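*Asks:* I am sharing input_27.pdb, which consists of PDB, C-alpha atoms:
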```pdb
ATOM      1  CA  GLN A   4       0.000   0.000   0.000
ATOM      2  CA  VAL A   5       1.368   3.391  -1.028
ATOM      3  CA  GLN A   6       1.662   5.490   2.072
ATOM      4  CA  LEU A   7       3.217   8.719   0.827
ATOM      5  CA  VAL A   8       2.397  10.132  -2.595
ATOM      6  CA  GLU A   9       4.323  12.944  -4.213
ATOM      7  CA  SER A  10       3.146  15.047  -7.131
ATOM      8  CA  GLY A  11       4.040  18.231  -8.961
ATOM      9  CA  GLY A  12       7.259  17.234 -10.677
ATOM     10  CA  GLY A  13       7.926  17.776 -14.340
ATOM     11  CA  SER A  14      10.143  19.415 -16.905
ATOM     12  CA  VAL A  15      10.665  23.142 -16.452
ATOM     13  CA  LYS A  16      12.921  25.834 -17.821
ATOM     14  CA  PRO A  17      15.603  27.484 -15.711
ATOM     15  CA  GLY A  18      14.347  30.407 -13.676
ATOM     16  CA  ARG A  19      10.837  29.061 -13.269
ATOM     17  CA  SER A  20       9.212  27.933 -10.025
ATOM     18  CA  LEU A  21       7.693  24.612  -9.105
ATOM     19  CA  THR A  22       5.736  23.364  -6.111
ATOM     20  CA  LEU A  23       5.872  19.727  -5.092
ATOM     21  CA  SER A  24       3.181  18.169  -2.941
ATOM     22  CA  CYS A  25       3.126  15.134  -0.697
ATOM     23  CA  VAL A  26       0.171  13.542   1.017
ATOM     24  CA  ALA A  27       0.360  10.760   3.581
ATOM     25  CA  SER A  28      -2.288   8.068   3.651
ATOM     26  CA  LYS A  29      -4.453   7.678   6.736
ATOM     27  CA  THR A  30      -2.448   4.579   7.677
ATOM     28  CA  VAL A  31       0.547   6.784   8.465
ATOM     29  CA  VAL A  32      -0.270   8.054  11.923
ATOM     30  CA  ASN A  33       1.471  10.071  14.607
ATOM     31  CA  ILE A  34       3.822  11.770  12.167
ATOM     32  CA  TYR A  35       6.616  13.606  13.908
ATOM     33  CA  THR A  36       8.375  15.259  10.968
ATOM     34  CA  MET A  37       8.008  15.352   7.196
ATOM     35  CA  ASP A  38      10.950  15.785   4.876
ATOM     36  CA  TRP A  39      11.847  16.486   1.300
ATOM     37  CA  LEU A  40      14.910  14.736  -0.026
ATOM     38  CA  ARG A  41      16.367  14.504  -3.503
ATOM     39  CA  TRP A  42      18.476  12.007  -5.387
ATOM     40  CA  VAL A  43      20.670  12.336  -8.419
ATOM     41  CA  PRO A  44      21.931   9.088  -9.970
ATOM     42  CA  GLY A  45      25.431   8.356  -8.816
ATOM     43  CA  THR A  46      25.039  10.300  -5.582
ATOM     44  CA  GLN A  47      23.463   9.727  -2.205
ATOM     45  CA  ARG A  48      19.971  10.892  -1.418
ATOM     46  CA  GLU A  49      20.219  14.189   0.443
ATOM     47  CA  LEU A  50      17.857  15.973   2.783
ATOM     48  CA  VAL A  51      16.616  19.256   1.352
ATOM     49  CA  ALA A  52      14.225  20.447   4.051
ATOM     50  CA  LYS A  53      12.285  19.231   7.068
ATOM     51  CA  ILE A  54       9.176  20.434   8.881
ATOM     52  CA  GLY A  55       7.977  19.433  12.320
ATOM     53  CA  ARG A  56       4.605  19.230  14.022
ATOM     54  CA  SER A  57       4.893  22.750  15.359
ATOM     55  CA  GLY A  58       5.811  24.107  11.938
ATOM     56  CA  ASP A  59       9.508  24.422  12.700
ATOM     57  CA  LYS A  60      11.548  24.206   9.515
ATOM     58  CA  THR A  61      15.093  23.150   8.749
ATOM     59  CA  TYR A  62      16.891  23.551   5.424
ATOM     60  CA  ARG A  63      20.043  22.184   3.936
ATOM     61  CA  ASP A  64      22.459  25.104   3.650
ATOM     62  CA  SER A  65      22.460  24.948  -0.137
ATOM     63  CA  ALA A  66      18.645  25.050  -0.147
ATOM     64  CA  LYS A  67      18.258  28.226   1.874
ATOM     65  CA  GLY A  68      16.771  31.074  -0.112
ATOM     66  CA  ARG A  69      15.211  29.234  -3.075
ATOM     67  CA  PHE A  70      13.459  26.336  -1.364
ATOM     68  CA  THR A  71      10.433  26.754   0.886
ATOM     69  CA  ILE A  72       8.871  23.898   2.808
ATOM     70  CA  SER A  73       5.357  24.226   4.137
ATOM     71  CA  GLY A  74       2.457  22.064   5.174
ATOM     72  CA  ASP A  75       0.701  20.561   8.136
ATOM     73  CA  VAL A  76       2.473  17.556   9.585
ATOM     74  CA  ASN A  77      -0.518  16.767  11.776
ATOM     75  CA  LYS A  78      -2.592  16.362   8.615
ATOM     76  CA  GLY A  79       0.144  14.528   6.723
ATOM     77  CA  THR A  80       0.647  17.122   4.011
ATOM     78  CA  VAL A  81       3.874  18.817   2.999
ATOM     79  CA  TYR A  82       4.890  21.029   0.090
ATOM     80  CA  LEU A  83       8.169  22.172  -1.379
ATOM     81  CA  GLN A  84       8.309  25.320  -3.448
ATOM     82  CA  ILE A  85      11.450  25.727  -5.528
ATOM     83  CA  ASP A  86      12.098  29.156  -7.005
ATOM     84  CA  SER A  87      14.572  30.230  -9.669
ATOM     85  CA  LEU A  88      15.115  26.648 -10.739
ATOM     86  CA  LYS A  89      18.569  25.701 -11.944
ATOM     87  CA  PRO A  90      19.697  22.730 -14.018
ATOM     88  CA  GLU A  91      21.478  21.394 -10.940
ATOM     89  CA  ASP A  92      18.091  21.082  -9.207
ATOM     90  CA  THR A  93      17.335  18.215 -11.580
ATOM     91  CA  ALA A  94      16.709  15.189  -9.392
ATOM     92  CA  VAL A  95      14.107  12.781  -8.118
ATOM     93  CA  TYR A  96      12.449  14.433  -5.141
ATOM     94  CA  TYR A  97      11.174  12.211  -2.359
ATOM     95  CA  CYS A  98       8.875  12.843   0.542
ATOM     96  CA  GLY A  99       9.649  11.176   3.844
ATOM     97  CA  ALA A 100       7.794  10.955   7.135
ATOM     98  CA  LEU A 101       9.049   9.967  10.561
ATOM     99  CA  THR A 102       6.454   8.746  13.023
ATOM    100  CA  SER A 103       6.640   8.941  16.790
ATOM    101  CA  ASN A 104       7.422   5.208  17.063
ATOM    102  CA  GLY A 105      10.504   5.603  14.892
ATOM    103  CA  THR A 106       9.132   4.255  11.615
ATOM    104  CA  TYR A 107      10.262   6.130   8.526
ATOM    105  CA  TYR A 108       8.083   6.116   5.406
ATOM    106  CA  TRP A 109       9.154   6.996   1.873
ATOM    107  CA  GLY A 110       7.195   8.090  -1.127
ATOM    108  CA  GLY A 111       7.915   6.824  -4.621
ATOM    109  CA  GLY A 112       9.464  10.094  -5.736
ATOM    110  CA  THR A 113       8.693  12.679  -8.391
ATOM    111  CA  GLN A 114      11.117  13.661 -11.140
ATOM    112  CA  VAL A 115      12.089  17.295 -11.593
ATOM    113  CA  THR A 116      14.031  18.126 -14.730
ATOM    114  CA  VAL A 117      15.320  21.648 -15.305
ATOM    115  CA  SER A 118      16.462  22.284 -18.827
ATOM    116  CA  SER A 119      16.248  24.961 -21.465
TER     117      SER A 119
END
```
Translate the structure described by the file into structure tokens.
*Replies:*
Amino acid sequence: QVQLVESGGGSVKPGRSLTLSCVASKTVVNIYTMDWLRWVPGTQRELVAKIGRSGDKTYRDSAKGRFTISGDVNKGTVYLQIDSLKPEDTAVYYCGALTSNGTYYWGGGTQVTVSS
């Protein structure tokens, strides 16, 4: 059963903005934090941003300024807005959720391709 579903990826031109969405199924309960991560083939998946139950947000240093995470962890929804997209933002973006019992859930990912 798919427990986290991402959407909003696609092919965009440099300089444009994109908003990714993630929704957790009702089977994912007691979520503590929700994350956005990204993966480029040949590299390790890296955390881009994180949001907690109280709305506290954490960003990877390289993501500060162009990436904005938002959402309601208590409702299992999280968004990632990416502004001024660059070719190096091309990656598969994943949503992750950590529950209070320590279980970590992954989504299937959504591809973002930035190219002119």
*Asks:* Once the PyMOL selection byres ((chain A and resi 10) around 8) is applied to the coordinates I shared, what remains selected? I want it as a PyMOL selection string.
*Replies:* chain A and resi 8-9+11-12+23-25+113
*Asks:* For the contact check between range 61-86 of chain A and range 29-36 of chain A, emit one row per residue of range 61-86 of chain A within 12 Å, containing the shortest atom pair and the distance in Å rounded to one decimal, counting all atoms listed in the file, chain then rising number order, as CSV.
*Replies:*
```
residue,atom,partner,partner_atom,distance
A:Thr61,CA,A:Thr36,CA,10.6
A:Ile72,CA,A:Thr36,CA,11.9
A:Ser73,CA,A:Thr36,CA,11.7
A:Gly74,CA,A:Thr36,CA,10.7
A:Asp75,CA,A:Thr36,CA,9.7
A:Val76,CA,A:Ile34,CA,6.5
A:Asn77,CA,A:Ile34,CA,6.6
A:Lys78,CA,A:Ile34,CA,8.7
A:Gly79,CA,A:Ile34,CA,7.1
A:Thr80,CA,A:Ile34,CA,10.3
A:Val81,CA,A:Thr36,CA,9.8
```
*Asks:* What is the CA of Ala66 in chain A to CA of Ala27 in chain A distance in Å?
*Replies:*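 These two atoms are separated by 23.5 Å.
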*Asks:* Rounded to one decimal in Å, what is the spacing between CA of Ala94 in chain A and CA of Arg56 in chain A?
*Replies:*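 Separation of CA of Ala94 in chain A and CA of Arg56 in chain A: 26.7 Å.
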*Asks:* Counting all atoms listed in the file, write as an MDAnalysis selection string all protein and nucleic acid residues lying at most 12 Å from (27.4, 16.2, -5.7) in the file's frame.
*Replies:* chainID A and resid 41:49 65 91:94
*Asks:* Near Ser119 in chain A, within 10 Å and counting all atoms listed in the file, which residues show up once chain neighbours fewer than 4 positions away are dropped, as a list of chain:residue names?
*Replies:*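 Listing them by chain and then by number gives A:Ser14, A:Val15, A:Lys16, A:Pro17, A:Gly18, A:Lys89, A:Pro90.
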*Asks:* For CA of Leu21 in chain A and CA of Gln6 in chain A, determine how far apart the two atoms are, in Å to one decimal place.
*Replies:* 23.0 Å
*Asks:* Which is closest to Ile54 in chain A among A:Gly13, A:Leu83, A:Val26, A:Gly105, if we use all atoms listed in the file?
*Replies:*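 Comparing A:Gly13, A:Leu83, A:Val26, A:Gly105 against Ile54 in chain A, the winner is A:Leu83.
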*Asks:* With distances taken over all atoms listed in the file, which of A:Lys67, A:Ser28, A:Arg19, A:Gly55 is nearest to Leu101 in chain A?
*Replies:*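 Nearest to Leu101 in chain A: A:Gly55.
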